[in-house]
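Before any comments, here is the structure.
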Amino acid sequence: MPVITADKLQDNYDVVIVGSGAGGGQTAYTLTMEGVKVLVLEAGRSFDVQTEVAMLQWPSHAPLRGEKTPDKQYGFHDCSIHSGWEIPGEPYTNAHTETENQFKWWRQRMMGGRTNHWGRISLRNGPLDFKPRTLWGLGFDWPISYDDLAPYYDKVEMLVGVFGTNEGLENSPDSSPGVLLPAPKLRVGELYAQKHGKKVEAHIVPIHRAVLTKPQDAETIPARLHPDNAKAQGILAESMRTRAPCFWATDCHRGCAIRANYDSQTVHLRPALATGNLDILPNAMAREVTINKDGKASGITFIDKTTGREGHAKGRVVVLAASSQESVRLLLNSKSKLFPDGLANSSGKVGKYITDSVSSSLSAHIPAFEGMPVHNEDGAGGPHAYVPWTLHDLNRKAELGFPGGYHLEFTTGRQMPSMNVVNSIESRAGSPSVLFGKKLLEEARRFYGCQFGFGAQGTMLPNDDCFAELDPDLKDQWGIPVLRFHWKWSEFELNQVRHQQKRIRELLETLGGRISAKADADPAKVIKTGGSVIHEVGGAIMGADPKTSVTNQWSQTWDVKNLFLADGAPFASTADKNPTLTIMALAWRMADHLLGELKRQNL
Amino acid sequence: MHAPDSLPLISRRVSIQWMLGATAALAAKDASIFAAEPAITARGYGPDPSMVKIYQPGDVWPLTLTESQRRTTQALCDLIIPADASSPSASAVGVHDFIDEWISSPYPAQSGDRRTILDGLTWIDAESQRRFQKPFADLSAEQRTALCNDIASLKPKPEHKKAATFFKRFRDLTAGGYFTTPEGSKAIGYVGNMPGGTFEGPPIEALKHVGLA
């Protein structure tokens, strides 16, 4: 079974999955390794990571030096095609016009989805992150605890390959022994911040990222992940051997032709295809989940973008992994006599409780770095260190004014120059005139690599004001009703951003940093727009009660037992961690449950 | 900042301003004020260009500069980044062609620069004729520097205000265009983009530089 065209669809599949990213990829992998016949529908085209990714191209090899344009909204060499916050023919709307009420929705229409371009930062949610209601009386407790998910975090980390260290920190969990790959050495800026950050209680440790720092252990990991399944072990071992470790160049956002970092095709879909149990249909834009007379999901209606024709894929089970809000949209658009308000929506909670990483950033010029001896610090194509949240005691004493916390990611160093590399050079040099000639070259060399900053990503608990619904009027180019977003930050998020800014400022000042931004910045202005971090989750949250949640702890919808969600939609909150690793762990856990239910003939 | 509108066309235009930030928004406004500027009818590279191809200015959309504008651009580029013992000049790595590509871009973020640069090139040649009776490209290095010193001030005289805006922007494009080439990257001190077998971390001299060793 291979990548197919619509005319090659089989009459029936065990499971039809919508979406080929982290959630869909993981689900397809877990199921096909166990012999389940799976179809994956992907709205974008096939994409060959090995031949289409720009690895060592320079900015000067791209039009406009690779700067962002409306066609390539993350820059020319970023591994995203047919992608963006605005895609022609695929609109969405915001219910309110005010700046602070906007939600931006990134879509990535290509095989592998958003896993093609991300920082590969792979942090586990911690025990506290699953129980905000118990801890702070806010949001909802997840119906699972960290212990339920911990074995799946181990499995995912072994499968995709994650580097990092175990630091024994509260709520930033260690992995099991032998799971993590060695962390790369820290860069000079990361070491400098590690030393001086201690003065302001910034505890800087190696970050966890899905990048191979050495070849995967193809001898032992396959047996640990697939005991008693020789075929799966063989396929996985073979797949692991096709992956080269990092060659210490190229930003991971460009994708990875040598397969050193994780994307869904590299890690999930290749071995899943090798089982012979997977068909992938690209260019298939899902419109609706179809229902049989018993109220069970029967498949997916889709538009074949190559012909404009509508098709239908039948399955005994349907898994939505289209990205949290695209899955919400599918549920809301799947209306029938049995489900007049959209599918799996008896609680009225489909589209509700969208959360996102609470984010702001600040940077400074660090004079100590001026004139740094020239050296190569590309490293593993992204950060090697971060500042985990460690101020739990303040939080327990309710001294912070917001629940949860945030981690800080570095933006540092002697990175490949971009168009803005000499920004602010006159003010740094104290020059009364625009520098040019020999002096410009001298000062550019002296200041290059001195810009240093932190971006915070923090907890957001669900509120009643952040949700999506169908726009009453607007449809996309295929006639599918689009989403309308409502967004409003609560005082908690704004308090958190105030704290983020103060803390980053303190940290940068400890490093001797010169900060140009004003200290009393309005948090409502510096908080990153909802959705702009591309960490939006929720909209079909899991819970213990069918009246207040959309799925049970297995991401299985309460109303339709053969319908599952495998993306960020079931997240009951956003932790101070990036969501992708948790999406994969939840998807694997869901798929294990699905397998058991298939065997027990419960679906 | 604006909301994505319900109409896709407007939504797209508005979101472009949004996304590309304040400079772009200003640039787009600027362009609409000077509606007389010859419109660019070329299209961009679309949502699915080859990312691995090595592009040259002119490959995706046609260029703008006349031969004399190009000579002026080249001369200005090399005044801003001359060759030195270890690195080539800006024009030796094609930065003048990049500037032509930039101002010929069909995207809104560059439309303000198109006006600024074309007007600035006209001004600088006229000024050169007025003062030295020669086009800028034919001036001596001293004459070029003298002319540009007048418009390089961050607090320019009123009569030089527009020319100063041009010069700052031209310098930014030249520097950005230069340091993003392999040669220019090396010139500024970026020595990465080199695959290797190991990552050794910072060398001892770098650690010493910041008191870590």
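In the structure tokens, chains take letters A, B, ... by order of appearance, with residues numbered from 1 within each chain and ligands from 1 in the order shown.
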Item checked: Neighbour list for A:Ile221 as an NGL selection string, cut-off 10 Å, only C-alpha atoms, skip fewer than 2 positions in-chain -> :A and (155 or 158-159 or 178-179 or 216-219 or 223-227 or 233 or 236-237 or 240)
Residue subset to file, keeping all heavy atoms, as a tab-separated table (two decimals), in the first residue's frame:
chain	number	residue	atom	x	y	z
A	155	LYS	N	8.23	6.12	25.02
A	155	LYS	CA	8.17	5.45	23.71
A	155	LYS	C	8.37	6.44	22.57
A	155	LYS	O	9.14	6.17	21.64
A	155	LYS	CB	6.78	4.80	23.53
A	155	LYS	CG	6.54	3.54	24.34
A	155	LYS	CD	5.29	2.92	23.74
A	155	LYS	CE	4.55	2.03	24.68
A	155	LYS	NZ	3.65	1.13	23.92
A	158	MET	N	11.95	7.58	22.32
A	158	MET	CA	12.83	6.56	21.73
A	158	MET	C	12.60	6.45	20.23
A	158	MET	O	13.54	6.28	19.46
A	158	MET	CB	12.58	5.20	22.40
A	158	MET	CG	13.26	5.06	23.74
A	158	MET	SD	13.20	3.37	24.37
A	158	MET	CE	11.58	3.36	25.10
A	159	LEU	N	11.34	6.55	19.82
A	159	LEU	CA	11.02	6.41	18.40
A	159	LEU	C	11.57	7.58	17.59
A	159	LEU	O	12.23	7.38	16.57
A	159	LEU	CB	9.50	6.32	18.20
A	159	LEU	CG	9.04	6.27	16.74
A	159	LEU	CD1	9.46	4.97	16.08
A	159	LEU	CD2	7.52	6.44	16.65
A	178	GLY	N	18.28	5.70	29.61
A	178	GLY	CA	18.57	5.17	28.27
A	178	GLY	C	17.66	5.69	27.18
A	178	GLY	O	17.79	5.29	26.03
A	179	VAL	N	16.72	6.56	27.51
A	179	VAL	CA	15.78	7.05	26.50
A	179	VAL	C	16.36	8.24	25.72
A	179	VAL	O	16.30	8.27	24.49
A	179	VAL	CB	14.43	7.44	27.15
A	179	VAL	CG1	13.57	8.22	26.17
A	179	VAL	CG2	13.70	6.17	27.61
A	216	GLN	N	20.53	6.33	16.00
A	216	GLN	CA	19.61	5.64	16.92
A	216	GLN	C	20.06	4.20	17.12
A	216	GLN	O	20.66	3.59	16.24
A	216	GLN	CB	18.19	5.68	16.35
A	216	GLN	CG	17.51	7.02	16.52
A	216	GLN	CD	16.10	7.03	15.99
A	216	GLN	OE1	15.89	6.88	14.80
A	216	GLN	NE2	15.12	7.21	16.87
A	217	ASP	N	19.71	3.67	18.26
A	217	ASP	CA	20.08	2.30	18.59
A	217	ASP	C	19.09	1.32	17.94
A	217	ASP	O	18.08	0.94	18.53
A	217	ASP	CB	20.08	2.14	20.12
A	217	ASP	CG	20.50	0.73	20.54
A	217	ASP	OD1	20.70	-0.12	19.64
A	217	ASP	OD2	20.59	0.51	21.75
A	218	ALA	N	19.40	0.99	16.68
A	218	ALA	CA	18.50	0.12	15.92
A	218	ALA	C	18.55	-1.33	16.40
A	218	ALA	O	17.75	-2.16	15.97
A	218	ALA	CB	18.85	0.20	14.43
A	219	GLU	N	19.50	-1.65	17.30
A	219	GLU	CA	19.61	-3.02	17.82
A	219	GLU	C	18.61	-3.27	18.94
A	219	GLU	O	18.02	-4.35	19.02
A	219	GLU	CB	21.04	-3.28	18.34
A	219	GLU	CG	22.13	-3.04	17.33
A	219	GLU	CD	21.94	-3.88	16.07
A	219	GLU	OE1	21.61	-5.08	16.20
A	219	GLU	OE2	22.10	-3.32	14.96
A	223	ALA	N	12.94	-3.60	19.70
A	223	ALA	CA	12.38	-4.65	20.56
A	223	ALA	C	11.71	-4.06	21.80
A	223	ALA	O	10.74	-4.61	22.33
A	223	ALA	CB	13.48	-5.64	20.97
A	224	ARG	N	12.24	-2.92	22.26
A	224	ARG	CA	11.59	-2.27	23.42
A	224	ARG	C	10.24	-1.67	23.03
A	224	ARG	O	9.31	-1.65	23.83
A	224	ARG	CB	12.49	-1.16	23.98
A	224	ARG	CG	13.68	-1.67	24.79
A	224	ARG	CD	14.61	-0.54	25.21
A	224	ARG	NE	14.11	0.22	26.35
A	224	ARG	CZ	14.78	1.23	26.91
A	224	ARG	NH1	15.96	1.59	26.42
A	224	ARG	NH2	14.27	1.89	27.94
A	225	LEU	N	10.15	-1.16	21.79
A	225	LEU	CA	8.91	-0.51	21.37
A	225	LEU	C	7.87	-1.51	20.86
A	225	LEU	O	6.68	-1.26	20.95
A	225	LEU	CB	9.19	0.54	20.30
A	225	LEU	CG	10.03	1.73	20.75
A	225	LEU	CD1	10.22	2.73	19.60
A	225	LEU	CD2	9.36	2.44	21.93
A	226	HIS	N	8.35	-2.59	20.29
A	226	HIS	CA	7.41	-3.55	19.69
A	226	HIS	C	7.74	-4.97	20.16
A	226	HIS	O	8.12	-5.81	19.34
A	226	HIS	CB	7.46	-3.47	18.16
A	226	HIS	CG	7.15	-2.10	17.62
A	226	HIS	ND1	5.88	-1.58	17.60
A	226	HIS	CD2	7.96	-1.12	17.13
A	226	HIS	CE1	5.90	-0.36	17.09
A	226	HIS	NE2	7.16	-0.05	16.80
A	227	PRO	N	7.59	-5.26	21.45
A	227	PRO	CA	7.87	-6.61	21.92
A	227	PRO	C	6.91	-7.60	21.24
A	227	PRO	O	5.78	-7.24	20.95
A	227	PRO	CB	7.60	-6.52	23.44
A	227	PRO	CG	6.78	-5.30	23.64
A	227	PRO	CD	7.10	-4.37	22.52
A	233	GLN	N	9.55	-4.78	14.46
A	233	GLN	CA	10.94	-4.55	14.88
A	233	GLN	C	11.86	-4.40	13.66
A	233	GLN	O	12.71	-3.51	13.61
A	233	GLN	CB	11.44	-5.71	15.74
A	233	GLN	CG	10.80	-5.76	17.12
A	233	GLN	CD	11.20	-7.01	17.90
A	233	GLN	OE1	12.25	-7.61	17.63
A	233	GLN	NE2	10.37	-7.42	18.84
A	236	LEU	N	11.16	-1.06	11.82
A	236	LEU	CA	11.65	0.10	12.56
A	236	LEU	C	13.18	0.15	12.54
A	236	LEU	O	13.77	1.22	12.35
A	236	LEU	CB	11.13	0.09	14.01
A	236	LEU	CG	11.66	1.23	14.88
A	236	LEU	CD1	11.38	2.60	14.27
A	236	LEU	CD2	11.07	1.15	16.29
A	237	ALA	N	13.81	-1.01	12.72
A	237	ALA	CA	15.28	-1.03	12.70
A	237	ALA	C	15.79	-0.50	11.36
A	237	ALA	O	16.72	0.31	11.30
A	237	ALA	CB	15.79	-2.45	12.94
A	240	MET	N	15.31	3.24	11.22
A	240	MET	CA	16.29	3.96	12.03
A	240	MET	C	17.65	4.01	11.35
A	240	MET	O	18.37	5.01	11.47
A	240	MET	CB	16.42	3.27	13.40
A	240	MET	CG	15.23	3.56	14.31
A	240	MET	SD	15.39	2.73	15.91
A	240	MET	CE	14.25	3.74	16.89
Notebook entry, point to check: Which residues come within 12 Å of B:Lys161, counting only C-alpha atoms, excluding same-chain residues fewer than 4 positions away, as a list in words?
Noted result: Gly120, Trp123, Asp150, Ile151, Ala152, Ser153, Leu154, Lys155, Pro156, Lys157, Thr165, Phe166, Phe167 and Lys168 of chain B
Note to self: Applying 10 Å and only C-alpha atoms, which residues near stretch 133-142 of chain A remain after dropping the ones on its own chain fewer than 4 positions away? List them as a list in words.
What the structure shows: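 Everything that qualifies: Leu128, Asp129, Tyr146, Tyr353, Asn395, Arg396, Ala398, Phe402, Pro403, Gly404, Met460, Leu461, Pro462, Asn463, Ile541, Met542, Gly543, Ala544, Thr548, Ser549, Asn552, Gln553, Pro570, Phe571, Ala572 and Ser573 of chain A.
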Keeping only N, CA and C atoms, write the selected residues to a file as an mmCIF file, in the first residue's frame.
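For reference, result-v6.cif as written:
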data_model
loop_
_atom_site.group_PDB
_atom_site.id
_atom_site.type_symbol
_atom_site.label_atom_id
_atom_site.label_comp_id
_atom_site.auth_asym_id
_atom_site.auth_seq_id
_atom_site.Cartn_x
_atom_site.Cartn_y
_atom_site.Cartn_z
ATOM 1 N N LEU A 128 2.007 18.531 37.421
ATOM 2 C CA LEU A 128 1.148 19.672 37.784
ATOM 3 C C LEU A 128 0.300 20.134 36.599
ATOM 4 N N ASP A 129 0.844 19.923 35.387
ATOM 5 C CA ASP A 129 0.175 20.446 34.199
ATOM 6 C C ASP A 129 -1.146 19.749 33.897
ATOM 7 N N TYR A 146 0.034 12.492 34.878
ATOM 8 C CA TYR A 146 1.343 12.331 34.224
ATOM 9 C C TYR A 146 1.727 10.849 34.137
ATOM 10 N N TYR A 353 -12.910 26.314 24.544
ATOM 11 C CA TYR A 353 -11.694 26.141 25.348
ATOM 12 C C TYR A 353 -10.433 25.979 24.493
ATOM 13 N N ASN A 395 4.405 30.055 43.153
ATOM 14 C CA ASN A 395 3.106 29.720 42.605
ATOM 15 C C ASN A 395 2.194 29.083 43.648
ATOM 16 N N ARG A 396 2.772 28.206 44.456
ATOM 17 C CA ARG A 396 1.980 27.549 45.510
ATOM 18 C C ARG A 396 1.473 28.568 46.516
ATOM 19 N N ALA A 398 0.591 31.385 45.746
ATOM 20 C CA ALA A 398 -0.308 32.270 44.993
ATOM 21 C C ALA A 398 0.203 33.706 44.963
ATOM 22 N N PHE A 402 -0.933 34.443 38.525
ATOM 23 C CA PHE A 402 -1.311 33.603 37.376
ATOM 24 C C PHE A 402 -0.993 32.146 37.702
ATOM 25 N N PRO A 403 -1.763 31.224 37.140
ATOM 26 C CA PRO A 403 -1.497 29.807 37.377
ATOM 27 C C PRO A 403 -0.395 29.300 36.443
ATOM 28 N N GLY A 404 0.290 28.249 36.869
ATOM 29 C CA GLY A 404 1.302 27.636 36.007
ATOM 30 C C GLY A 404 2.577 28.453 35.959
ATOM 31 N N MET A 460 -1.546 28.342 29.674
ATOM 32 C CA MET A 460 -2.846 29.001 29.512
ATOM 33 C C MET A 460 -3.938 28.009 29.862
ATOM 34 N N LEU A 461 -4.784 28.403 30.783
ATOM 35 C CA LEU A 461 -5.930 27.572 31.135
ATOM 36 C C LEU A 461 -7.134 28.027 30.333
ATOM 37 N N PRO A 462 -8.048 27.106 30.055
ATOM 38 C CA PRO A 462 -9.188 27.464 29.209
ATOM 39 C C PRO A 462 -10.066 28.533 29.845
ATOM 40 N N ASN A 463 -10.640 29.384 29.016
ATOM 41 C CA ASN A 463 -11.640 30.340 29.496
ATOM 42 C C ASN A 463 -12.816 30.345 28.526
ATOM 43 N N ILE A 541 -12.069 19.189 24.100
ATOM 44 C CA ILE A 541 -11.239 18.753 25.228
ATOM 45 C C ILE A 541 -11.681 17.405 25.811
ATOM 46 N N MET A 542 -10.710 16.722 26.374
ATOM 47 C CA MET A 542 -10.999 15.464 27.068
ATOM 48 C C MET A 542 -11.406 15.776 28.505
ATOM 49 N N GLY A 543 -12.177 14.882 29.071
ATOM 50 C CA GLY A 543 -12.613 15.084 30.447
ATOM 51 C C GLY A 543 -13.196 13.809 31.014
ATOM 52 N N ALA A 544 -13.634 13.906 32.254
ATOM 53 C CA ALA A 544 -14.201 12.736 32.923
ATOM 54 C C ALA A 544 -15.728 12.715 32.816
ATOM 55 N N THR A 548 -19.391 17.915 30.077
ATOM 56 C CA THR A 548 -18.501 19.081 30.036
ATOM 57 C C THR A 548 -17.269 18.867 29.165
ATOM 58 N N SER A 549 -17.229 17.748 28.459
ATOM 59 C CA SER A 549 -16.065 17.505 27.605
ATOM 60 C C SER A 549 -16.510 16.777 26.348
ATOM 61 N N ASN A 552 -13.364 11.232 26.019
ATOM 62 C CA ASN A 552 -12.920 10.611 27.266
ATOM 63 C C ASN A 552 -11.389 10.644 27.322
ATOM 64 N N GLN A 553 -10.844 9.973 28.288
ATOM 65 C CA GLN A 553 -9.390 10.015 28.471
ATOM 66 C C GLN A 553 -8.631 9.358 27.318
ATOM 67 N N PRO A 570 -7.901 17.536 21.923
ATOM 68 C CA PRO A 570 -8.340 17.065 23.249
ATOM 69 C C PRO A 570 -7.590 17.695 24.436
ATOM 70 N N PHE A 571 -6.578 18.525 24.176
ATOM 71 C CA PHE A 571 -5.836 19.131 25.289
ATOM 72 C C PHE A 571 -6.798 19.938 26.170
ATOM 73 N N ALA A 572 -6.783 19.665 27.460
ATOM 74 C CA ALA A 572 -7.671 20.400 28.374
ATOM 75 C C ALA A 572 -7.039 21.696 28.865
ATOM 76 N N SER A 573 -5.782 21.936 28.500
ATOM 77 C CA SER A 573 -5.110 23.196 28.816
ATOM 78 C C SER A 573 -3.770 23.203 28.091
#
Please, which residues in chain A fall within 6 Å of chain B when counting only C-alpha atoms, and what is the closest atom pair and distance in Å to one decimal for each, ordered by chain then residue number, as JSON lines?
{"residue": "A:Ala54", "atom": "CA", "partner": "B:Val52", "partner_atom": "CA", "distance": 4.8}
{"residue": "A:Pro59", "atom": "CA", "partner": "B:Thr180", "partner_atom": "CA", "distance": 5.6}
{"residue": "A:Ser60", "atom": "CA", "partner": "B:Thr181", "partner_atom": "CA", "distance": 5.1}
{"residue": "A:His61", "atom": "CA", "partner": "B:Ile54", "partner_atom": "CA", "distance": 4.7}
{"residue": "A:Ala62", "atom": "CA", "partner": "B:Tyr55", "partner_atom": "CA", "distance": 5.5}
{"residue": "A:Leu64", "atom": "CA", "partner": "B:Trp102", "partner_atom": "CA", "distance": 5.9}
{"residue": "A:Asp71", "atom": "CA", "partner": "B:Pro47", "partner_atom": "CA", "distance": 4.7}
{"residue": "A:His77", "atom": "CA", "partner": "B:Met51", "partner_atom": "CA", "distance": 5.8}
{"residue": "A:Ile81", "atom": "CA", "partner": "B:Asp48", "partner_atom": "CA", "distance": 5.1}
{"residue": "A:His82", "atom": "CA", "partner": "B:Pro47", "partner_atom": "CA", "distance": 4.9}
{"residue": "A:Pro91", "atom": "CA", "partner": "B:Pro8", "partner_atom": "CA", "distance": 5.8}
{"residue": "A:Thr93", "atom": "CA", "partner": "B:Ser6", "partner_atom": "CA", "distance": 5.6}
{"residue": "A:Thr97", "atom": "CA", "partner": "B:Ala3", "partner_atom": "CA", "distance": 5.3}
{"residue": "A:Thr99", "atom": "CA", "partner": "B:Met1", "partner_atom": "CA", "distance": 6.0}
{"residue": "A:Lys185", "atom": "CA", "partner": "B:Gly201", "partner_atom": "CA", "distance": 5.2}
{"residue": "A:Arg187", "atom": "CA", "partner": "B:Gly201", "partner_atom": "CA", "distance": 5.8}
{"residue": "A:Val188", "atom": "CA", "partner": "B:Pro202", "partner_atom": "CA", "distance": 5.7}
{"residue": "A:Phe247", "atom": "CA", "partner": "B:Pro195", "partner_atom": "CA", "distance": 5.0}
{"residue": "A:Trp248", "atom": "CA", "partner": "B:Pro195", "partner_atom": "CA", "distance": 5.8}
{"residue": "A:Ala249", "atom": "CA", "partner": "B:Asn193", "partner_atom": "CA", "distance": 5.1}
{"residue": "A:Pro373", "atom": "CA", "partner": "B:Ala206", "partner_atom": "CA", "distance": 5.4}
{"residue": "A:Val374", "atom": "CA", "partner": "B:Gly189", "partner_atom": "CA", "distance": 5.6}
{"residue": "A:Asn376", "atom": "CA", "partner": "B:Gly192", "partner_atom": "CA", "distance": 4.9}
{"residue": "A:Asp378", "atom": "CA", "partner": "B:Gly192", "partner_atom": "CA", "distance": 5.8}
{"residue": "A:Pro417", "atom": "CA", "partner": "B:Thr180", "partner_atom": "CA", "distance": 5.6}
{"residue": "A:Ser418", "atom": "CA", "partner": "B:Thr180", "partner_atom": "CA", "distance": 5.8}
{"residue": "A:Met419", "atom": "CA", "partner": "B:Gly176", "partner_atom": "CA", "distance": 4.0}
{"residue": "A:Pro432", "atom": "CA", "partner": "B:Leu154", "partner_atom": "CA", "distance": 5.8}
{"residue": "A:Ser433", "atom": "CA", "partner": "B:Ser153", "partner_atom": "CA", "distance": 4.1}
{"residue": "A:Val434", "atom": "CA", "partner": "B:Ala152", "partner_atom": "CA", "distance": 4.9}
{"residue": "A:Phe436", "atom": "CA", "partner": "B:Ile80", "partner_atom": "CA", "distance": 4.5}
{"residue": "A:Gly437", "atom": "CA", "partner": "B:Ile80", "partner_atom": "CA", "distance": 4.6}
{"residue": "A:Arg445", "atom": "CA", "partner": "B:Ile188", "partner_atom": "CA", "distance": 4.7}
Notebook entry, point to check: Where in stretch 133-351 of chain A does DSSP assign strand (DSSP E or B), given as a PyMOL selection string?
Noted result: chain A and resi 163+169+172+181+205-206+209+211+261+278-281+284-291+297-304+309-320
Margin query: Just checking: using only C-alpha atoms, which residue out of A:Ser555, A:Gln108, A:Thr250, A:Thr69 ends up closest to A:Trp588?
Written below: A:Ser555
Margin query: Quick one: residues within 10 Å of stretch 329-346 of chain A, only C-alpha atoms, excluding same-chain residues fewer than 2 positions away - as an NGL selection string?
Written below: :A and (18 or 286-295 or 297 or 300-301 or 320 or 322-327 or 348-351 or 468-470 or 480-484 or 539-540 or 546-551 or 556-561 or 563)
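Residues within 7 Å of A:Lys104, counting only C-alpha atoms and excluding same-chain residues fewer than 5 positions away, are Trp85, Gly530, Gly531 and Ser532 of chain A.
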For the selection just defined, write its residues with all heavy atoms to a file, as a PDB file, in the first residue's frame.
ATOM      1  N   TRP A  85      -0.721  31.992   7.584  1.00  0.00           N
ATOM      2  CA  TRP A  85      -1.845  32.481   8.379  1.00  0.00           C
ATOM      3  C   TRP A  85      -2.992  32.885   7.471  1.00  0.00           C
ATOM      4  O   TRP A  85      -4.127  32.901   7.859  1.00  0.00           O
ATOM      5  CB  TRP A  85      -1.403  33.656   9.255  1.00  0.00           C
ATOM      6  CG  TRP A  85      -0.675  33.197  10.460  1.00  0.00           C
ATOM      7  CD1 TRP A  85      -1.222  32.543  11.531  1.00  0.00           C
ATOM      8  CD2 TRP A  85       0.713  33.312  10.748  1.00  0.00           C
ATOM      9  NE1 TRP A  85      -0.244  32.252  12.449  1.00  0.00           N
ATOM     10  CE2 TRP A  85       0.942  32.722  11.997  1.00  0.00           C
ATOM     11  CE3 TRP A  85       1.786  33.871  10.064  1.00  0.00           C
ATOM     12  CZ2 TRP A  85       2.206  32.667  12.583  1.00  0.00           C
ATOM     13  CZ3 TRP A  85       3.037  33.816  10.640  1.00  0.00           C
ATOM     14  CH2 TRP A  85       3.243  33.224  11.888  1.00  0.00           C
ATOM     15  N   GLY A 530      -2.930  35.704  19.783  1.00  0.00           N
ATOM     16  CA  GLY A 530      -3.406  34.332  19.883  1.00  0.00           C
ATOM     17  C   GLY A 530      -3.170  33.583  18.578  1.00  0.00           C
ATOM     18  O   GLY A 530      -3.469  34.100  17.513  1.00  0.00           O
ATOM     19  N   GLY A 531      -2.612  32.390  18.674  1.00  0.00           N
ATOM     20  CA  GLY A 531      -2.367  31.577  17.487  1.00  0.00           C
ATOM     21  C   GLY A 531      -1.033  31.823  16.819  1.00  0.00           C
ATOM     22  O   GLY A 531      -0.565  30.995  16.041  1.00  0.00           O
ATOM     23  N   SER A 532      -0.382  32.957  17.140  1.00  0.00           N
ATOM     24  CA  SER A 532       0.820  33.285  16.365  1.00  0.00           C
ATOM     25  C   SER A 532       2.021  32.429  16.746  1.00  0.00           C
ATOM     26  O   SER A 532       2.981  32.348  15.994  1.00  0.00           O
ATOM     27  CB  SER A 532       1.158  34.773  16.496  1.00  0.00           C
ATOM     28  OG  SER A 532       1.447  35.099  17.829  1.00  0.00           O
TER      29      SER A 532
END
Check: If we count only C-alpha atoms, what is near A:Tyr153 at a cut-off of 9 Å, once residues fewer than 5 positions away on the same chain are taken out, given as a count of residues only?
Finding: 8
Checklist line | Pairwise distance for atom CA of A:Arg428 and atom CA of A:Arg505, rounded to one decimal in Å | finding: 18.5 Å
Next item on the list: Any chance you could list, as a PyMOL selection string, the residues in stretch 20-199 of chain B that come up helix (DSSP H, G or I) when DSSP is run on the backbone?
Entry: chain B and resi 20-33+67-80+91-93+95-103+108-132+136-138+141-152+158-179+182-188
Next item on the list: Pick out the closest residue to A:Ile235 from this set: A:Val267, A:Leu149, A:Met372, A:Ile527. Count only C-alpha atoms.
Entry: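 Distance minimum relative to A:Ile235 lands on A:Val267.
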Item checked: Atomic distance atom CA of A:Ile204 - atom CA of A:Glu167, expressed in Å with one decimal ->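 Value for the atom CA of A:Ile204-atom CA of A:Glu167 distance: 10.4 Å.
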Please provide the set of residues having any atom within 9 Å of A:Gln265, restricted to only C-alpha atoms, with same-chain residues fewer than 2 positions apart removed, written as a compact mmCIF listing (two decimals) with C-alpha atoms, in the first residue's frame.
# COMPACT_ATOMS: atom_id res chain seq x y z
CA SER A 20 -0.50 13.41 8.26
CA GLY A 21 1.27 15.49 10.93
CA GLY A 25 1.56 10.16 11.70
CA PHE A 47 6.51 16.27 -0.32
CA ASP A 48 9.90 14.61 -0.59
CA VAL A 49 11.98 15.64 2.41
CA MET A 111 2.52 15.93 3.58
CA GLY A 112 3.70 15.80 7.18
CA THR A 115 6.06 18.75 11.60
CA ASN A 116 8.03 19.97 8.58
CA TYR A 262 11.90 14.46 13.46
CA ASP A 263 9.20 15.06 10.95
CA VAL A 267 9.78 8.88 11.54
CA HIS A 268 6.17 7.78 11.21
CA LEU A 269 4.93 7.50 7.65
CA ARG A 270 7.92 5.76 6.05
CA PRO A 271 7.88 2.76 8.35
